[in-house]
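Pasted below: data.cif, mmCIF, C-alpha atoms and all ligand atoms; chains and numbers go by the auth columns.
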```cif
data_final
#
loop_
_atom_site.group_PDB
_atom_site.id
_atom_site.type_symbol
_atom_site.label_atom_id
_atom_site.label_comp_id
_atom_site.label_asym_id
_atom_site.label_seq_id
_atom_site.Cartn_x
_atom_site.Cartn_y
_atom_site.Cartn_z
_atom_site.B_iso_or_equiv
_atom_site.auth_seq_id
_atom_site.auth_asym_id
ATOM 1 C CA MET A 1 6.215 -13.539 -15.388 0.00 1151 A
ATOM 2 C CA THR A 2 3.297 -14.952 -13.509 0.00 1152 A
ATOM 3 C CA ILE A 3 0.182 -13.097 -12.474 0.00 1153 A
ATOM 4 C CA LEU A 4 -0.514 -14.236 -8.928 0.00 1154 A
ATOM 5 C CA LYS A 5 -3.896 -14.730 -7.250 0.00 1155 A
ATOM 6 C CA ILE A 6 -4.794 -11.976 -4.793 0.00 1156 A
ATOM 7 C CA ALA A 7 -5.949 -12.876 -1.282 0.00 1157 A
ATOM 8 C CA LYS A 8 -9.267 -11.246 -0.376 0.00 1158 A
ATOM 9 C CA MET A 9 -10.418 -9.982 3.003 0.00 1159 A
ATOM 10 C CA GLY A 10 -11.346 -12.952 5.170 0.00 1160 A
ATOM 11 C CA HIS A 11 -8.280 -14.963 4.188 0.00 1161 A
ATOM 12 C CA PRO A 12 -6.235 -15.462 7.371 0.00 1162 A
ATOM 13 C CA VAL A 13 -2.969 -14.567 5.608 0.00 1163 A
ATOM 14 C CA LEU A 14 -4.119 -10.931 5.546 0.00 1164 A
ATOM 15 C CA ARG A 15 -4.438 -10.971 9.341 0.00 1165 A
ATOM 16 C CA THR A 16 -1.131 -12.676 10.053 0.00 1166 A
ATOM 17 C CA PRO A 17 1.969 -10.597 10.884 0.00 1167 A
ATOM 18 C CA ALA A 18 4.487 -11.372 8.133 0.00 1168 A
ATOM 19 C CA GLU A 19 7.979 -12.769 8.777 0.00 1169 A
ATOM 20 C CA PRO A 20 11.014 -10.530 8.238 0.00 1170 A
ATOM 21 C CA ILE A 21 13.291 -11.568 5.369 0.00 1171 A
ATOM 22 C CA LYS A 22 16.920 -12.276 6.283 0.00 1172 A
ATOM 23 C CA PRO A 23 19.240 -9.921 4.360 0.00 1173 A
ATOM 24 C CA ALA A 24 21.249 -12.899 3.090 0.00 1174 A
ATOM 25 C CA GLU A 25 18.097 -14.339 1.467 0.00 1175 A
ATOM 26 C CA ILE A 26 17.302 -11.259 -0.608 0.00 1176 A
ATOM 27 C CA SER A 27 19.558 -12.239 -3.510 0.00 1177 A
ATOM 28 C CA SER A 28 18.119 -15.782 -3.612 0.00 1178 A
ATOM 29 C CA THR A 29 16.237 -16.931 -6.678 0.00 1179 A
ATOM 30 C CA GLU A 30 13.180 -17.496 -4.495 0.00 1180 A
ATOM 31 C CA VAL A 31 12.980 -13.886 -3.297 0.00 1181 A
ATOM 32 C CA GLN A 32 13.977 -12.361 -6.640 0.00 1182 A
ATOM 33 C CA THR A 33 11.357 -14.433 -8.474 0.00 1183 A
ATOM 34 C CA LEU A 34 8.758 -13.455 -5.883 0.00 1184 A
ATOM 35 C CA ILE A 35 9.589 -9.774 -6.500 0.00 1185 A
ATOM 36 C CA GLU A 36 9.281 -10.215 -10.285 0.00 1186 A
ATOM 37 C CA HIS A 37 5.898 -11.905 -9.967 0.00 1187 A
ATOM 38 C CA MET A 38 4.628 -9.290 -7.508 0.00 1188 A
ATOM 39 C CA ILE A 39 5.558 -6.455 -9.874 0.00 1189 A
ATOM 40 C CA ALA A 40 3.822 -8.225 -12.772 0.00 1190 A
ATOM 41 C CA THR A 41 0.733 -8.793 -10.610 0.00 1191 A
ATOM 42 C CA MET A 42 0.600 -5.193 -9.366 0.00 1192 A
ATOM 43 C CA GLU A 43 0.842 -3.903 -12.927 0.00 1193 A
ATOM 44 C CA ASP A 44 -1.788 -6.337 -14.217 0.00 1194 A
ATOM 45 C CA TYR A 45 -4.257 -5.128 -11.567 0.00 1195 A
ATOM 46 C CA ASP A 46 -3.384 -1.447 -12.147 0.00 1196 A
ATOM 47 C CA GLY A 47 -2.360 -1.220 -8.512 0.00 1197 A
ATOM 48 C CA ILE A 48 0.247 1.156 -7.179 0.00 1198 A
ATOM 49 C CA GLY A 49 1.239 -1.041 -4.264 0.00 1199 A
ATOM 50 C CA LEU A 50 1.148 -4.753 -3.462 0.00 1200 A
ATOM 51 C CA ALA A 51 2.272 -6.480 -0.277 0.00 1201 A
ATOM 52 C CA ALA A 52 3.431 -10.111 -0.139 0.00 1202 A
ATOM 53 C CA PRO A 53 0.586 -11.292 2.176 0.00 1203 A
ATOM 54 C CA GLN A 54 -1.820 -10.145 -0.555 0.00 1204 A
ATOM 55 C CA ILE A 55 -0.434 -12.916 -2.763 0.00 1205 A
ATOM 56 C CA HIS A 56 -0.485 -15.458 0.097 0.00 1206 A
ATOM 57 C CA VAL A 57 3.192 -15.065 1.028 0.00 1207 A
ATOM 58 C CA SER A 58 3.660 -14.078 4.663 0.00 1208 A
ATOM 59 C CA LYS A 59 6.927 -12.175 4.255 0.00 1209 A
ATOM 60 C CA GLN A 60 7.749 -8.538 4.969 0.00 1210 A
ATOM 61 C CA LEU A 61 8.019 -7.261 1.441 0.00 1211 A
ATOM 62 C CA PHE A 62 6.008 -4.911 -0.727 0.00 1212 A
ATOM 63 C CA VAL A 63 6.331 -3.311 -4.140 0.00 1213 A
ATOM 64 C CA ALA A 64 5.018 0.151 -4.992 0.00 1214 A
ATOM 65 C CA GLU A 65 5.082 2.653 -7.825 0.00 1215 A
ATOM 66 C CA VAL A 66 3.425 6.055 -7.640 0.00 1216 A
ATOM 67 C CA PRO A 67 3.629 7.890 -10.939 0.00 1217 A
ATOM 68 C CA GLN A 68 3.547 11.668 -11.014 0.00 1218 A
ATOM 69 C CA SER A 69 0.662 11.649 -13.464 0.00 1219 A
ATOM 70 C CA ARG A 70 -1.824 10.309 -10.916 0.00 1220 A
ATOM 71 C CA LYS A 71 -2.168 13.713 -9.343 0.00 1221 A
ATOM 72 C CA SER A 72 0.006 16.669 -10.163 0.00 1222 A
ATOM 73 C CA ASP A 73 1.089 17.622 -6.664 0.00 1223 A
ATOM 74 C CA ILE A 74 1.881 14.208 -5.226 0.00 1224 A
ATOM 75 C CA GLN A 75 5.329 12.909 -4.415 0.00 1225 A
ATOM 76 C CA GLU A 76 6.436 10.448 -7.054 0.00 1226 A
ATOM 77 C CA LEU A 77 7.899 7.015 -6.295 0.00 1227 A
ATOM 78 C CA PRO A 78 9.661 5.048 -9.023 0.00 1228 A
ATOM 79 C CA LEU A 79 9.119 1.297 -8.932 0.00 1229 A
ATOM 80 C CA THR A 80 10.465 0.360 -5.503 0.00 1230 A
ATOM 81 C CA VAL A 81 10.805 -2.810 -3.453 0.00 1231 A
ATOM 82 C CA MET A 82 10.685 -2.358 0.314 0.00 1232 A
ATOM 83 C CA ILE A 83 11.774 -5.263 2.525 0.00 1233 A
ATOM 84 C CA ASN A 84 11.354 -5.245 6.343 0.00 1234 A
ATOM 85 C CA PRO A 85 10.083 -1.631 6.286 0.00 1235 A
ATOM 86 C CA GLU A 86 9.854 0.411 9.474 0.00 1236 A
ATOM 87 C CA VAL A 87 7.701 3.533 9.381 0.00 1237 A
ATOM 88 C CA THR A 88 8.286 6.405 11.796 0.00 1238 A
ATOM 89 C CA PRO A 89 6.008 9.459 11.753 0.00 1239 A
ATOM 90 C CA ASP A 90 8.006 12.714 11.511 0.00 1240 A
ATOM 91 C CA LYS A 91 5.060 14.690 12.859 0.00 1241 A
ATOM 92 C CA GLU A 92 1.897 13.719 14.675 0.00 1242 A
ATOM 93 C CA ASP A 93 -0.518 15.419 12.264 0.00 1243 A
ATOM 94 C CA LYS A 94 -2.673 13.253 10.050 0.00 1244 A
ATOM 95 C CA VAL A 95 -4.552 13.775 6.798 0.00 1245 A
ATOM 96 C CA LEU A 96 -7.556 11.949 5.404 0.00 1246 A
ATOM 97 C CA VAL A 97 -6.846 9.910 2.293 0.00 1247 A
ATOM 98 C CA TRP A 98 -9.299 7.958 0.126 0.00 1248 A
ATOM 99 C CA GLU A 99 -8.031 4.425 -0.237 0.00 1249 A
ATOM 100 C CA GLY A 100 -8.974 1.211 -1.938 0.00 1250 A
ATOM 101 C CA CYS A 101 -7.337 -2.181 -1.646 0.00 1251 A
ATOM 102 C CA LEU A 102 -6.937 -5.044 -4.094 0.00 1252 A
ATOM 103 C CA SER A 103 -7.855 -7.374 -1.212 0.00 1253 A
ATOM 104 C CA ILE A 104 -11.097 -5.457 -0.563 0.00 1254 A
ATOM 105 C CA PRO A 105 -12.350 -4.967 -4.125 0.00 1255 A
ATOM 106 C CA GLY A 106 -15.095 -2.486 -4.917 0.00 1256 A
ATOM 107 C CA ILE A 107 -14.830 -0.621 -1.595 0.00 1257 A
ATOM 108 C CA ARG A 108 -13.345 2.759 -0.796 0.00 1258 A
ATOM 109 C CA GLY A 109 -12.790 4.439 2.522 0.00 1259 A
ATOM 110 C CA LEU A 110 -11.446 7.641 4.001 0.00 1260 A
ATOM 111 C CA VAL A 111 -8.423 6.823 6.134 0.00 1261 A
ATOM 112 C CA PRO A 112 -6.449 9.046 8.538 0.00 1262 A
ATOM 113 C CA ARG A 113 -2.728 8.738 7.836 0.00 1263 A
ATOM 114 C CA TYR A 114 0.397 10.459 9.110 0.00 1264 A
ATOM 115 C CA ASN A 115 1.225 13.243 6.672 0.00 1265 A
ATOM 116 C CA GLN A 116 5.001 13.016 7.013 0.00 1266 A
ATOM 117 C CA ILE A 117 6.942 9.841 7.641 0.00 1267 A
ATOM 118 C CA THR A 118 10.373 8.310 7.332 0.00 1268 A
ATOM 119 C CA VAL A 119 10.578 4.704 6.199 0.00 1269 A
ATOM 120 C CA ALA A 120 13.700 2.582 6.682 0.00 1270 A
ATOM 121 C CA TYR A 121 13.912 -0.566 4.572 0.00 1271 A
ATOM 122 C CA LEU A 122 16.110 -2.907 2.555 0.00 1272 A
ATOM 123 C CA ASP A 123 15.840 -2.631 -1.210 0.00 1273 A
ATOM 124 C CA HIS A 124 15.769 -5.479 -3.762 0.00 1274 A
ATOM 125 C CA LYS A 125 19.557 -5.760 -3.518 0.00 1275 A
ATOM 126 C CA GLY A 126 19.551 -5.819 0.286 0.00 1276 A
ATOM 127 C CA GLN A 127 20.873 -2.250 0.554 0.00 1277 A
ATOM 128 C CA LYS A 128 19.745 -0.216 3.578 0.00 1278 A
ATOM 129 C CA LYS A 129 17.671 2.762 2.505 0.00 1279 A
ATOM 130 C CA THR A 130 15.599 5.489 4.084 0.00 1280 A
ATOM 131 C CA LEU A 131 12.978 7.631 2.417 0.00 1281 A
ATOM 132 C CA LYS A 132 11.089 10.649 3.629 0.00 1282 A
ATOM 133 C CA ALA A 133 7.542 10.677 2.273 0.00 1283 A
ATOM 134 C CA SER A 134 4.625 13.023 2.648 0.00 1284 A
ATOM 135 C CA GLY A 135 0.969 13.212 1.723 0.00 1285 A
ATOM 136 C CA PHE A 136 -0.345 10.549 -0.610 0.00 1286 A
ATOM 137 C CA LEU A 137 2.945 8.669 -0.934 0.00 1287 A
ATOM 138 C CA ALA A 138 3.234 8.538 2.854 0.00 1288 A
ATOM 139 C CA ALA A 139 -0.265 7.015 2.924 0.00 1289 A
ATOM 140 C CA VAL A 140 0.674 4.382 0.333 0.00 1290 A
ATOM 141 C CA ILE A 141 3.701 3.329 2.398 0.00 1291 A
ATOM 142 C CA GLN A 142 1.611 3.194 5.592 0.00 1292 A
ATOM 143 C CA HIS A 143 -1.088 1.135 3.819 0.00 1293 A
ATOM 144 C CA GLU A 144 1.438 -1.406 2.522 0.00 1294 A
ATOM 145 C CA THR A 145 3.349 -1.604 5.806 0.00 1295 A
ATOM 146 C CA ASP A 146 0.027 -2.203 7.546 0.00 1296 A
ATOM 147 C CA HIS A 147 -0.492 -5.244 5.289 0.00 1297 A
ATOM 148 C CA LEU A 148 2.768 -6.691 6.648 0.00 1298 A
ATOM 149 C CA ASN A 149 1.376 -6.367 10.174 0.00 1299 A
ATOM 150 C CA GLY A 150 -2.017 -7.916 9.450 0.00 1300 A
ATOM 151 C CA THR A 151 -3.855 -4.577 9.374 0.00 1301 A
ATOM 152 C CA LEU A 152 -6.337 -3.445 6.702 0.00 1302 A
ATOM 153 C CA PHE A 153 -7.368 0.122 5.918 0.00 1303 A
ATOM 154 C CA LEU A 154 -10.845 -0.482 7.352 0.00 1304 A
ATOM 155 C CA ASP A 155 -9.213 -0.892 10.788 0.00 1305 A
ATOM 156 C CA ARG A 156 -7.747 2.603 10.524 0.00 1306 A
ATOM 157 C CA MET A 157 -10.964 4.456 9.712 0.00 1307 A
ATOM 158 C CA ASP A 158 -12.251 6.707 12.522 0.00 1308 A
ATOM 159 C CA SER A 159 -15.739 6.694 11.076 0.00 1309 A
ATOM 160 C CA LYS A 160 -17.345 4.079 8.866 0.00 1310 A
ATOM 161 C CA ALA A 161 -19.756 6.661 7.411 0.00 1311 A
ATOM 162 C CA PRO A 162 -17.672 7.417 4.275 0.00 1312 A
ATOM 163 C CA LEU A 163 -17.264 3.701 3.489 0.00 1313 A
ATOM 164 C CA SER A 164 -18.562 3.322 -0.074 0.00 1314 A
ATOM 165 C CA PHE A 165 -18.951 0.927 -2.941 0.00 1315 A
ATOM 166 C CA THR A 166 -17.096 2.210 -6.001 0.00 1316 A
ATOM 167 C CA ASP A 167 -20.244 3.188 -7.952 0.00 1317 A
ATOM 168 C CA GLU A 168 -21.685 5.123 -5.022 0.00 1318 A
ATOM 169 C CA TRP A 169 -18.326 6.718 -4.301 0.00 1319 A
ATOM 170 C CA MET A 170 -18.151 8.015 -7.877 0.00 1320 A
ATOM 171 C CA LYS A 171 -21.692 9.365 -7.532 0.00 1321 A
ATOM 172 C CA TYR A 172 -21.606 10.915 -4.065 0.00 1322 A
ATOM 173 C CA TRP A 173 -18.011 11.306 -2.892 0.00 1323 A
ATOM 174 C CA GLY A 174 -15.868 11.794 -5.979 0.00 1324 A
ATOM 175 C CA GLU A 175 -16.439 15.544 -6.125 0.00 1325 A
ATOM 176 C CA VAL A 176 -15.222 16.121 -2.590 0.00 1326 A
ATOM 177 C CA GLN A 177 -11.980 14.177 -2.855 0.00 1327 A
ATOM 178 C CA ASP A 178 -9.856 17.290 -3.354 0.00 1328 A
ATOM 179 C CA VAL A 179 -11.598 19.060 -0.490 0.00 1329 A
ATOM 180 C CA GLN A 180 -10.670 16.129 1.707 0.00 1330 A
ATOM 181 C CA ALA A 181 -7.035 16.546 0.620 0.00 1331 A
ATOM 182 C CA GLY A 182 -6.999 12.955 -0.492 0.00 1332 A
ATOM 183 C CA THR A 183 -7.329 10.864 -3.544 0.00 1333 A
ATOM 184 C CA VAL A 184 -8.335 7.321 -4.287 0.00 1334 A
ATOM 185 C CA THR A 185 -6.313 4.380 -5.311 0.00 1335 A
ATOM 186 C CA PHE A 186 -5.918 0.631 -5.150 0.00 1336 A
ATOM 187 C CA LEU A 187 -3.186 -0.759 -3.002 0.00 1337 A
HETATM 188 NI NI NI B . -4.158 -3.025 0.221 0.00 1401 A
#
```
What does the file become when written as structure tokens?
Ligand code: NI
Amino acid sequence: MTILKIAKMGHPVLRTPAEPIKPAEISSTEVQTLIEHMIATMEDYDGIGLAAPQIHVSKQLFVAEVPQSRKSDIQELPLTVMINPEVTPDKEDKVLVWEGCLSIPGIRGLVPRYNQITVAYLDHKGQKKTLKASGFLAAVIQHETDHLNGTLFLDRMDSKAPLSFTDEWMKYWGEVQDVQAGTVTFL
């Protein structure tokens, strides 16, 4: 296992649309090793999602794991690899979710996200899968899919007013996170 270096905002790889992975390549040692290293890196940083461009690889792949314990009423996601994901909103309504990003350390923002989505993707074995996600998990999947299209959560914010450094967020915004129907995390 190798812990990979994380690309920070300003690195062009984070603004470059990532290349789809050919299904026949998924079983290759190169892709399987990349997946292993990305999982190790996500866990080392206590992240719950990590997209390949964040470790300087411009391919359409992310890993994510949302444990139930993070917040009692959120939809759980076991450790999952999503390759070439396509997100479709099931409904137009959006919710505000507090997000952080390993590529934008120390910053949190309140981001409007579709509340109910369907994501179609290939898993780590190249199998076609679809998943319906809502609430926080839907936001995680939208955040990671955005990374594959060169988009960061800052781009999605309607207002920059809630943008906070972590210390100030804890002091001034932490208490209202439930009221805002969101939570905070690092993706
Ligand atoms: Ni991120």
* Asked: What do you get as a VMD selection string if you pick all residues at most 8 Å from ligand NI 1401 (chain A), counting all atoms listed in the file?
  -> chain A and resid 1199 to 1201 1204 1250 to 1254 1293 to 1294 1297 1302 to 1303 1336 to 1337
* Taking the file as shown, what set of residues would the PyMOL selection byres (((chain A and resi 1298) around 6) and not hetatm) give back, as a ChimeraX atom specification? -> /A:1167-1168,1210,1295-1297,1299-1300
* Asked: Which one of A:Gln1292, A:Thr1301, A:Gln1277, A:Ser1314 sits closest to Gly1259 of chain A if you count only C-alpha atoms?
  -> A:Ser1314
* Which is closest to Val1245 of chain A among A:Trp1323, A:Tyr1195, A:Phe1315, A:Phe1286, if we use all atoms listed in the file? ->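 Answer, going by the shortest atom-to-atom distance: A:Phe1286.
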* **Selection dump of the PyMOL selection byres (((chain A and resi 1237-1240) around 8) and not hetatm), as an MDAnalysis selection string** => chainID A and resid 1235:1236 1241:1242 1264:1270 1292 1295
Because the input lacks atoms here, generate N, CA, C and O atoms for segment 1304-1320 of chain A and report them as a tab-separated table (two decimals), in the coordinates of the input.
```tsv
chain	number	residue	atom	x	y	z
A	1304	LEU	N	-9.58	-0.62	6.61
A	1304	LEU	CA	-10.84	-0.48	7.35
A	1304	LEU	C	-10.58	-0.30	8.85
A	1304	LEU	O	-11.29	0.43	9.53
A	1305	ASP	N	-9.54	-0.97	9.36
A	1305	ASP	CA	-9.21	-0.89	10.79
A	1305	ASP	C	-8.81	0.52	11.20
A	1305	ASP	O	-8.92	0.87	12.37
A	1306	ARG	N	-8.30	1.28	10.24
A	1306	ARG	CA	-7.75	2.60	10.52
A	1306	ARG	C	-8.79	3.71	10.45
A	1306	ARG	O	-8.52	4.84	10.84
A	1307	MET	N	-9.96	3.41	9.91
A	1307	MET	CA	-10.96	4.46	9.71
A	1307	MET	C	-11.58	4.87	11.05
A	1307	MET	O	-12.00	4.03	11.83
A	1308	ASP	N	-11.63	6.20	11.29
A	1308	ASP	CA	-12.25	6.71	12.52
A	1308	ASP	C	-13.76	6.53	12.46
A	1308	ASP	O	-14.41	6.23	13.44
A	1309	SER	N	-14.30	6.80	11.27
A	1309	SER	CA	-15.74	6.69	11.08
A	1309	SER	C	-16.00	5.79	9.88
A	1309	SER	O	-15.26	5.84	8.89
A	1310	LYS	N	-17.00	4.95	9.98
A	1310	LYS	CA	-17.34	4.08	8.87
A	1310	LYS	C	-18.31	4.77	7.89
A	1310	LYS	O	-18.66	4.23	6.86
A	1311	ALA	N	-18.75	5.99	8.24
A	1311	ALA	CA	-19.76	6.66	7.41
A	1311	ALA	C	-19.32	6.88	5.96
A	1311	ALA	O	-20.14	6.75	5.05
A	1312	PRO	N	-18.04	7.22	5.69
A	1312	PRO	CA	-17.67	7.42	4.28
A	1312	PRO	C	-17.40	6.12	3.51
A	1312	PRO	O	-17.04	6.17	2.35
A	1313	LEU	N	-17.52	4.97	4.17
A	1313	LEU	CA	-17.26	3.70	3.49
A	1313	LEU	C	-18.24	3.55	2.32
A	1313	LEU	O	-19.45	3.69	2.50
A	1314	SER	N	-17.72	3.30	1.13
A	1314	SER	CA	-18.56	3.32	-0.07
A	1314	SER	C	-18.21	2.19	-1.03
A	1314	SER	O	-17.04	1.82	-1.14
A	1315	PHE	N	-19.22	1.72	-1.76
A	1315	PHE	CA	-18.95	0.93	-2.94
A	1315	PHE	C	-18.48	1.88	-4.04
A	1315	PHE	O	-18.80	3.08	-4.02
A	1316	THR	N	-17.72	1.35	-4.99
A	1316	THR	CA	-17.10	2.21	-6.00
A	1316	THR	C	-18.13	3.05	-6.75
A	1316	THR	O	-17.94	4.26	-6.93
A	1317	ASP	N	-19.23	2.44	-7.18
A	1317	ASP	CA	-20.24	3.19	-7.95
A	1317	ASP	C	-20.81	4.35	-7.14
A	1317	ASP	O	-20.98	5.45	-7.65
A	1318	GLU	N	-21.12	4.09	-5.88
A	1318	GLU	CA	-21.68	5.12	-5.02
A	1318	GLU	C	-20.64	6.18	-4.69
A	1318	GLU	O	-20.95	7.37	-4.57
A	1319	TRP	N	-19.40	5.75	-4.55
A	1319	TRP	CA	-18.33	6.72	-4.30
A	1319	TRP	C	-18.23	7.69	-5.47
A	1319	TRP	O	-18.15	8.90	-5.27
A	1320	MET	N	-18.24	7.16	-6.69
A	1320	MET	CA	-18.15	8.02	-7.88
A	1320	MET	C	-19.31	9.01	-7.89
A	1320	MET	O	-19.15	10.17	-8.28
```
